[in-house]
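Worksheet: one structure, shown below.
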Amino acid sequence: MKKILLITGGQRSGKSEYAERMALSLSDNPVYMATAHVWDEEFRQRVLRHQERRGPQWTNIEEEQLLSRHQLSGRVVLIDCLTLWLTNLWYAGKTDNAEGSDCPEITPTLETAKAEFDRFTAQDATFIFVTNEIGLGGVSANAVQRWFTDLMGWMNQYVAARADEVILMVSGIPVKIK
């Protein structure tokens, strides 16, 4: 039976570990879909630590953009994370002339992300999405950061509206929102 769960919160709030425990409670062999693009050595080390934390019972898939090309019906799938996935989509569609008060990449990226999310979650699977609440902090002085915060906020709202459950992680404590 299709089910969508969303685990959200700030950095280092315990989202990934909570989502991993949840996936393992639902399946002996869950799928871990990593969406990260490795930009530098420090980030590569983070990825390695995440991989070491998971055991051999996981089926690992690395996918930066096209989640829907993977057929995972009947599986429990942890997607970690929406924020990095949306960054990849935005970066792929970004132009260098985004100046002024409106960011021309937001609307096409948001529509692309929504359509890809809908194609992916049309499968009969249990989806556990991890995301970041990047808009909880102050307003950035950087226009690009403000644009991405808006984009991420709108995508999180889209996913949360379609989710069967939403959990907010606060200092390692899960708080059921929906």
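Chain lettering (A, B, ...) mirrors the order of the structure tokens, residue numbering begins at 1 for each chain separately, and ligand numbering begins at 1 in order of display.
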
_Residue contacts of Thr131 of chain A (10 Å, only C-alpha atoms) excluding same-chain residues fewer than 3 positions away, as an MDAnalysis selection string_ = chainID A and resid 6:11 15:16 79:86 128 134 152 155:156 159 168

Write out as a PDB file with C-alpha atoms, in the first residue's frame each polymer residue whose atoms come within 9 Å of Gln57 of chain A, counting only C-alpha atoms; drop sequence neighbours fewer than 5 positions from it.
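Output contents, as saved in out04.pdb:
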ATOM      1  CA  LEU A  24      14.219  -0.745   9.281  1.00  0.00           C
ATOM      2  CA  ASP A  28      14.194  -6.114   6.611  1.00  0.00           C
ATOM      3  CA  ASN A  29      15.697  -4.809   3.346  1.00  0.00           C
ATOM      4  CA  PRO A  30      14.802  -1.144   2.817  1.00  0.00           C
ATOM      5  CA  VAL A  31      16.077   0.997  -0.035  1.00  0.00           C
TER       6      VAL A  31
END

Which one of A:Leu66, A:Arg162, A:Gly153, A:Phe129 sits closest to Ala113 of chain A if you count only C-alpha atoms?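 Using only C-alpha atoms, the shortest distance to Ala113 of chain A belongs to A:Leu66.
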
What is the distance between atom CA of Ala161 of chain A and atom CA of Leu26 of chain A, in Å to one decimal?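 Distance reported for this atom pair: 22.4 Å.
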
Exercise for review: Work out how far apart atom CA of Glu64 of chain A and atom CA of Asn132 of chain A are and give it in Å to one decimal.
Suggested key: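 Result for atom CA of Glu64 of chain A versus atom CA of Asn132 of chain A: 16.6 Å, one decimal.
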
Between A:Val76, A:Leu48, A:Leu89, A:Ala34, which one has atoms that come closest to Glu62 of chain A, using only C-alpha atoms?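 Answer, going by the shortest atom-to-atom distance: A:Ala34.
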
If DSSP is run on the backbone, what residues of segment 13-164 of chain A are strand (DSSP E or B)? A reply as an MDAnalysis selection string would be ideal.
chainID A and resid 31:34 59:62 76:80 126:130

Item to complete: Can you check which residues of segment 1-124 of chain A DSSP gives as helix (DSSP H, G or I) on the backbone and send them as a PyMOL selection string?
Response: chain A and resi 15-26+41-53+67-69+82-93+106-120

Residue with the minimum atom-to-atom distance to Val144 of chain A, picked from A:His70, A:Gly14, A:Tyr91, A:Arg54 with only C-alpha atoms counted, is A:Tyr91

Mind giving me the straight-line distance from atom CA of Leu136 of chain A to atom CA of Glu17 of chain A in Å, one decimal?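 Pair atom CA of Leu136 of chain A / atom CA of Glu17 of chain A returns 20.9 Å.
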
**Nearest residue to Arg119 of chain A from the set A:Ile61, A:Ile177, A:Met169, A:Leu67 (distances using only C-alpha atoms)** =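 With only C-alpha atoms as the atom set, the closest residue is A:Leu67.
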
Closest of A:Ala92, A:Val130, A:Leu151, A:Leu78 to Val166 of chain A, counting only C-alpha atoms, is A:Val130
